[in-house]
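So the structure is just underneath, and the comments pick up after that.
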Amino acid sequence: SVDGYVTGPDDGPERGLGDVYRAACDDLGRPAGPVLVPPSPMAVHVADDPEAAWARIAPHALHELNRYSAWAAGFEGHLYDRVTDAEQARNDGFYAVLTPDECIDVARRLQAEHSTVLFKPLIGGLDPDVSWASFELFADKVLPALG
């Protein structure tokens, strides 16, 4: 089995952290696994009306971000900062509520960057009907456009 390394969003190839990881693996006599740079955004939700969807999602996104922040607090350079309001959560780039056309554009951009869109219809505590509606839009409108 091989362990990989997931960088932070600000730890792209120019920072060389993948090279540090590979060198450490060499020093330990272990094979290096894949080095992955998380895409931005990290969690995509699809809705015909992103403003209305964000209003429903925001409290749950805030809760998730703050739970991850609390869990990761002991690790230097983690991805999750504590957020105090919905607008901060929306602007930090982790979550994106997109129309199907916007999601297609983001997916194509990420494909060009050799990455992928991370579709996340389920957010802790969110009404499953809201999640299901996002899933249906993704399946019916986004995936067919991407082939």
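Lettering and numbering for the structure tokens are positional, with chains as A, B, ... in the shown order, residues counted from 1 in each chain, and ligands counted from 1 in the shown order.
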
Write out as number ranges by chain which residues come within 8 Å of A:Val35 when counting only C-alpha atoms, dropping same-chain ones fewer than 3 positions away.
-> A: 4-7, 18

N, CA, C and O atoms of the current selection, written as a PDB file, in the first residue's frame:
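The resulting part15.pdb:
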```pdb
ATOM      1  N   GLY A   4      -0.469   8.663  -0.234  1.00  0.00           N
ATOM      2  CA  GLY A   4      -0.328   9.845  -1.069  1.00  0.00           C
ATOM      3  C   GLY A   4      -0.250  11.086  -0.218  1.00  0.00           C
ATOM      4  O   GLY A   4      -0.232  11.029   1.015  1.00  0.00           O
ATOM      5  N   TYR A   5      -0.210  12.213  -0.877  1.00  0.00           N
ATOM      6  CA  TYR A   5      -0.130  13.497  -0.194  1.00  0.00           C
ATOM      7  C   TYR A   5      -1.125  14.442  -0.845  1.00  0.00           C
ATOM      8  O   TYR A   5      -1.127  14.605  -2.064  1.00  0.00           O
ATOM      9  N   VAL A   6      -1.976  15.054  -0.038  1.00  0.00           N
ATOM     10  CA  VAL A   6      -2.917  16.055  -0.514  1.00  0.00           C
ATOM     11  C   VAL A   6      -2.446  17.401   0.013  1.00  0.00           C
ATOM     12  O   VAL A   6      -2.378  17.607   1.221  1.00  0.00           O
ATOM     13  N   THR A   7      -2.119  18.288  -0.907  1.00  0.00           N
ATOM     14  CA  THR A   7      -1.649  19.613  -0.511  1.00  0.00           C
ATOM     15  C   THR A   7      -2.831  20.470  -0.109  1.00  0.00           C
ATOM     16  O   THR A   7      -3.979  20.109  -0.346  1.00  0.00           O
ATOM     17  N   GLY A  18       5.114  18.822  -2.981  1.00  0.00           N
ATOM     18  CA  GLY A  18       5.096  17.472  -3.528  1.00  0.00           C
ATOM     19  C   GLY A  18       6.502  16.892  -3.599  1.00  0.00           C
ATOM     20  O   GLY A  18       6.724  15.713  -3.303  1.00  0.00           O
TER      21      GLY A  18
END
```

Residues within 12 Å of stretch 61-74 of chain A, only C-alpha atoms, excluding chain neighbours under 5 positions, as a ChimeraX atom specification = /A:42-45,53-56,79-97,120-126

Determine, counting only C-alpha atoms, which protein, DNA and RNA residues have an atom within 6 Å of an atom of stretch 99-108 of chain A; residues of the same chain fewer than 6 positions away are not included. Present the result as a PDB file with C-alpha atoms, in the first residue's frame.
```pdb
ATOM      1  CA  VAL A  46     -25.993  22.657  -8.188  1.00  0.00           C
ATOM      2  CA  ALA A  47     -29.217  24.682  -8.145  1.00  0.00           C
ATOM      3  CA  ASP A  48     -31.347  26.623 -10.603  1.00  0.00           C
ATOM      4  CA  VAL A 117     -15.230  18.990  -9.953  1.00  0.00           C
ATOM      5  CA  VAL A 142     -24.231  18.772 -16.048  1.00  0.00           C
TER       6      VAL A 142
END
```

Name the residues of stretch 30-112 of chain A that come out as strand (DSSP E) in a backbone DSSP run; write them as a ChimeraX atom specification.
-> /A:35-36,43-46,95-98

Take the residues from that selection and write them out as a short mmCIF file (atom, residue, chain, number, x, y, z; two decimals), in the first residue's frame, keeping N, CA and C atoms.
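This went into again_25.cif:
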```
data_model
loop_
_atom_site.label_atom_id
_atom_site.label_comp_id
_atom_site.auth_asym_id
_atom_site.auth_seq_id
_atom_site.Cartn_x
_atom_site.Cartn_y
_atom_site.Cartn_z
N VAL A 35 0.49 12.85 -5.58
CA VAL A 35 0.42 14.17 -4.95
C VAL A 35 -0.77 14.88 -5.58
N LEU A 36 -1.74 15.23 -4.76
CA LEU A 36 -2.98 15.84 -5.25
C LEU A 36 -3.13 17.26 -4.72
N ALA A 43 -16.32 21.90 -2.80
CA ALA A 43 -17.64 21.29 -2.66
C ALA A 43 -18.64 22.06 -3.51
N VAL A 44 -19.13 21.42 -4.58
CA VAL A 44 -20.05 22.07 -5.50
C VAL A 44 -21.46 21.53 -5.28
N HIS A 45 -22.39 22.44 -5.18
CA HIS A 45 -23.81 22.13 -5.09
C HIS A 45 -24.46 22.81 -6.30
N VAL A 46 -25.37 22.12 -6.98
CA VAL A 46 -25.99 22.66 -8.19
C VAL A 46 -27.45 23.02 -7.90
N TYR A 95 -17.07 26.10 -0.62
CA TYR A 95 -18.37 25.74 -1.19
C TYR A 95 -18.69 26.66 -2.36
N ALA A 96 -19.33 26.09 -3.36
CA ALA A 96 -19.86 26.89 -4.47
C ALA A 96 -21.24 26.36 -4.82
N VAL A 97 -22.21 27.23 -4.84
CA VAL A 97 -23.55 26.88 -5.30
C VAL A 97 -23.67 27.46 -6.69
N LEU A 98 -23.78 26.58 -7.69
CA LEU A 98 -23.71 26.98 -9.08
C LEU A 98 -24.94 26.54 -9.86
#
```

In terms of the shortest atom-to-atom distance over only C-alpha atoms, which of A:Asp26, A:Asp49, A:Ala112, A:His60 is closest to A:Ser134?
-> A:Asp49

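As for atom CA of A:Phe138 and atom CA of A:Glu113, they are spaced 20.7 Å apart.
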
Can you tell me how far atom CA of A:Leu118 sits from atom CA of A:Leu143, in Å to one decimal?
->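 So the answer is 12.6 Å.
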
All residues 9 Å or closer to stretch 31-33 of chain A, only C-alpha atoms, same chain fewer than 2 positions away omitted, as a ChimeraX atom specification = /A:1-5,21-26,28-29,35

Can you write just those residues out, N, CA, C and O atoms, as a PDB file, in the first residue's frame?
```
ATOM      1  N   SER A   1       0.837  -1.179   0.000  1.00  0.00           N
ATOM      2  CA  SER A   1       0.000   0.000   0.000  1.00  0.00           C
ATOM      3  C   SER A   1       0.879   1.239   0.000  1.00  0.00           C
ATOM      4  O   SER A   1       1.966   1.254   0.565  1.00  0.00           O
ATOM      5  N   VAL A   2       0.388   2.287  -0.647  1.00  0.00           N
ATOM      6  CA  VAL A   2       1.140   3.526  -0.799  1.00  0.00           C
ATOM      7  C   VAL A   2       0.318   4.671  -0.235  1.00  0.00           C
ATOM      8  O   VAL A   2      -0.886   4.744  -0.445  1.00  0.00           O
ATOM      9  N   ASP A   3       0.977   5.547   0.496  1.00  0.00           N
ATOM     10  CA  ASP A   3       0.320   6.743   1.006  1.00  0.00           C
ATOM     11  C   ASP A   3       0.566   7.883   0.044  1.00  0.00           C
ATOM     12  O   ASP A   3       1.688   8.076  -0.432  1.00  0.00           O
ATOM     13  N   GLY A   4      -0.469   8.663  -0.234  1.00  0.00           N
ATOM     14  CA  GLY A   4      -0.328   9.845  -1.069  1.00  0.00           C
ATOM     15  C   GLY A   4      -0.250  11.086  -0.218  1.00  0.00           C
ATOM     16  O   GLY A   4      -0.232  11.029   1.015  1.00  0.00           O
ATOM     17  N   TYR A   5      -0.210  12.213  -0.877  1.00  0.00           N
ATOM     18  CA  TYR A   5      -0.130  13.497  -0.194  1.00  0.00           C
ATOM     19  C   TYR A   5      -1.125  14.442  -0.845  1.00  0.00           C
ATOM     20  O   TYR A   5      -1.127  14.605  -2.064  1.00  0.00           O
ATOM     21  N   TYR A  21       7.567  15.867  -0.146  1.00  0.00           N
ATOM     22  CA  TYR A  21       6.931  14.585   0.174  1.00  0.00           C
ATOM     23  C   TYR A  21       7.676  13.429  -0.501  1.00  0.00           C
ATOM     24  O   TYR A  21       8.006  12.422   0.139  1.00  0.00           O
ATOM     25  N   ARG A  22       7.957  13.569  -1.795  1.00  0.00           N
ATOM     26  CA  ARG A  22       8.650  12.501  -2.525  1.00  0.00           C
ATOM     27  C   ARG A  22      10.036  12.238  -1.947  1.00  0.00           C
ATOM     28  O   ARG A  22      10.465  11.097  -1.815  1.00  0.00           O
ATOM     29  N   ALA A  23      10.752  13.307  -1.583  1.00  0.00           N
ATOM     30  CA  ALA A  23      12.089  13.154  -0.993  1.00  0.00           C
ATOM     31  C   ALA A  23      12.005  12.442   0.355  1.00  0.00           C
ATOM     32  O   ALA A  23      12.842  11.580   0.663  1.00  0.00           O
ATOM     33  N   ALA A  24      10.994  12.788   1.153  1.00  0.00           N
ATOM     34  CA  ALA A  24      10.819  12.110   2.447  1.00  0.00           C
ATOM     35  C   ALA A  24      10.520  10.631   2.239  1.00  0.00           C
ATOM     36  O   ALA A  24      11.029   9.783   2.984  1.00  0.00           O
ATOM     37  N   CYS A  25       9.730  10.319   1.251  1.00  0.00           N
ATOM     38  CA  CYS A  25       9.456   8.903   0.949  1.00  0.00           C
ATOM     39  C   CYS A  25      10.745   8.186   0.554  1.00  0.00           C
ATOM     40  O   CYS A  25      11.000   7.062   1.003  1.00  0.00           O
ATOM     41  N   ASP A  26      11.556   8.840  -0.293  1.00  0.00           N
ATOM     42  CA  ASP A  26      12.839   8.247  -0.687  1.00  0.00           C
ATOM     43  C   ASP A  26      13.719   8.004   0.537  1.00  0.00           C
ATOM     44  O   ASP A  26      14.328   6.944   0.679  1.00  0.00           O
ATOM     45  N   LEU A  28      12.839   7.442   3.505  1.00  0.00           N
ATOM     46  CA  LEU A  28      12.279   6.356   4.297  1.00  0.00           C
ATOM     47  C   LEU A  28      12.286   5.018   3.556  1.00  0.00           C
ATOM     48  O   LEU A  28      11.886   3.996   4.113  1.00  0.00           O
ATOM     49  N   GLY A  29      12.712   5.041   2.293  1.00  0.00           N
ATOM     50  CA  GLY A  29      12.717   3.820   1.501  1.00  0.00           C
ATOM     51  C   GLY A  29      11.321   3.341   1.135  1.00  0.00           C
ATOM     52  O   GLY A  29      11.098   2.150   0.933  1.00  0.00           O
ATOM     53  N   VAL A  35       0.488  12.853  -5.576  1.00  0.00           N
ATOM     54  CA  VAL A  35       0.416  14.171  -4.953  1.00  0.00           C
ATOM     55  C   VAL A  35      -0.767  14.885  -5.581  1.00  0.00           C
ATOM     56  O   VAL A  35      -0.809  15.088  -6.794  1.00  0.00           O
TER      57      VAL A  35
END
```

Give the helix (DSSP H, G or I) residues of stretch 24-66 of chain A, as assigned by DSSP on the backbone, as a ChimeraX atom specification.
-> /A:24-28,50-66

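Counting only C-alpha atoms and comparing A:Pro34, A:Pro41, A:Ala52, A:Phe119, the residue that lies closest to A:Leu137 is A:Phe119.
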
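Separating atom CA of A:Asp140 from atom CA of A:Ser115 is a distance of 21.7 Å.
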
Can you tell me, as number ranges by chain, what residues are no more than 10 Å from A:His114 when counting only C-alpha atoms, ignoring any on the same chain fewer than 4 positions away?
-> A: 37, 39, 108-110
